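Here's the structure we're looking at; comments come further down.
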Amino acid sequence: MASKTIQLFTLCVLALAVEQVVCVGVRVKSLKVKSRPNDYFGEIVTKLRYENEDCYISVRVPVKSQLDERFQVRGNLQFHGLPILRNQVNTLCEALDEKGFFKPIVDKIQPKNKFPGGCPIAAGNYTINNYVINMADYIPVGLIPSGKFEANFLIGQMGSSPIVSIAVTGSVIAERTGLTSFFNFFDTA
């Protein structure tokens with residue numbers, strides 16, 4: 001009997017060791033974009049649409065004049081009130097290039113044949129339709145717990161006041177997976 005107890009205990013410890021918390025969705029509560037009058041951006045329009053646990057984000061960005069390496073993005077990201085990014089500054093070119101923070105969003109920008117994914121960015125109307133945030137694109141860890149997040153980004157020319165501010169709040173929705181799900185099958189309570 002003791003041998004079976006030890007085997008069952010070992011199996012329980014193993015189940016806890018391989019249990020994971022995986023991100024299954026991001027629920028955006030608010031997305032606010034403000035811009036002051038400027039020669040580079042027109043009125044930026046955003047729309048959030050909810051379906052089941054998913055939040056679909058659509059954005060229209062009119063670029064009135066070419067954007068180049070003089071533009072920068074300053075970002076702050078908090079998760080559970082803890083800073084993930086704190087006053088992270090990149091040129092707009094760096095943020096939008098192949099290895100940049102916004103790469104997952106850049107891949108969704110239309111028209112694809114016109115948006116370069118780097119600098120310079122030509123004048124034109126750019127849109128993103130029904131984009132769903134995948135936290136794994138932004139936090140490289142596969143284990144992301146549930147929690148609230150807040151992100152703020154400022155865009156403007158270096159040495160000048162920002163001309164666009166973006167504020168996003170929401171929640172990461174995670175669930176537990178692994179062998180503990182297996183043990184739930186045996187739960188008779």
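Each chain in the structure tokens gets a letter, A, B and so on, in the order shown; residues start at 1 in every chain, and ligands are counted from 1 in the order they appear.
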* **Picked from segment 3-157 of chain A by DSSP as alpha helix (DSSP H), as number ranges by chain** => A: 3-18, 92-96, 103-106
6 Å contact set for segment 104-121 of chain A, only C-alpha atoms, chain neighbours under 4 positions out, as a list in words: Gln66, Leu67, Asp68, Cys93, Leu96, Asp97, Tyr126, Thr127 and Ile128 of chain A
Go through segment 20-81 of chain A and flag each residue having an atom no more than 12 Å from segment 144-161 of chain A; for those, report the closest pair of atoms plus their distance in Å to one decimal, using only C-alpha atoms, ordered by chain and rising number, as a tab-separated table.
```
residue	atom	partner	partner_atom	distance
A:Gln20	CA	A:Ile144	CA	9.0
A:Val21	CA	A:Pro145	CA	5.9
A:Val22	CA	A:Ile144	CA	5.6
A:Cys23	CA	A:Ile144	CA	5.5
A:Val24	CA	A:Ile144	CA	9.3
A:Gly25	CA	A:Ser146	CA	9.4
A:Val26	CA	A:Ser146	CA	9.3
A:Arg27	CA	A:Lys148	CA	9.3
A:Val28	CA	A:Phe149	CA	9.1
A:Lys29	CA	A:Lys148	CA	9.8
A:Ser30	CA	A:Glu150	CA	9.6
A:Leu31	CA	A:Ala151	CA	9.6
A:Lys32	CA	A:Asn152	CA	9.5
A:Val33	CA	A:Phe153	CA	9.5
A:Lys34	CA	A:Leu154	CA	9.7
A:Ser35	CA	A:Ile155	CA	9.3
A:Arg36	CA	A:Ser161	CA	9.9
A:Pro37	CA	A:Ser161	CA	11.8
A:Asn38	CA	A:Gly156	CA	10.0
A:Asp39	CA	A:Gly156	CA	11.3
A:Tyr40	CA	A:Gly156	CA	9.5
A:Phe41	CA	A:Gly156	CA	10.4
A:Leu67	CA	A:Gln157	CA	9.4
A:Asp68	CA	A:Gln157	CA	9.2
A:Glu69	CA	A:Gln157	CA	8.7
A:Arg70	CA	A:Gln157	CA	5.5
A:Phe71	CA	A:Gln157	CA	4.2
A:Gln72	CA	A:Gly156	CA	5.7
A:Val73	CA	A:Ile155	CA	4.7
A:Arg74	CA	A:Leu154	CA	5.1
A:Gly75	CA	A:Phe153	CA	4.5
A:Asn76	CA	A:Asn152	CA	5.2
A:Leu77	CA	A:Ala151	CA	4.3
A:Gln78	CA	A:Glu150	CA	5.2
A:Phe79	CA	A:Phe149	CA	4.4
A:His80	CA	A:Lys148	CA	5.5
A:Gly81	CA	A:Phe149	CA	7.4
```
Counting only C-alpha atoms, which of A:Ala167, A:Gly124, A:Leu92, A:Asn87 gets nearest to Arg60 of chain A?
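Closest to Arg60 of chain A, using only C-alpha atoms: A:Gly124.
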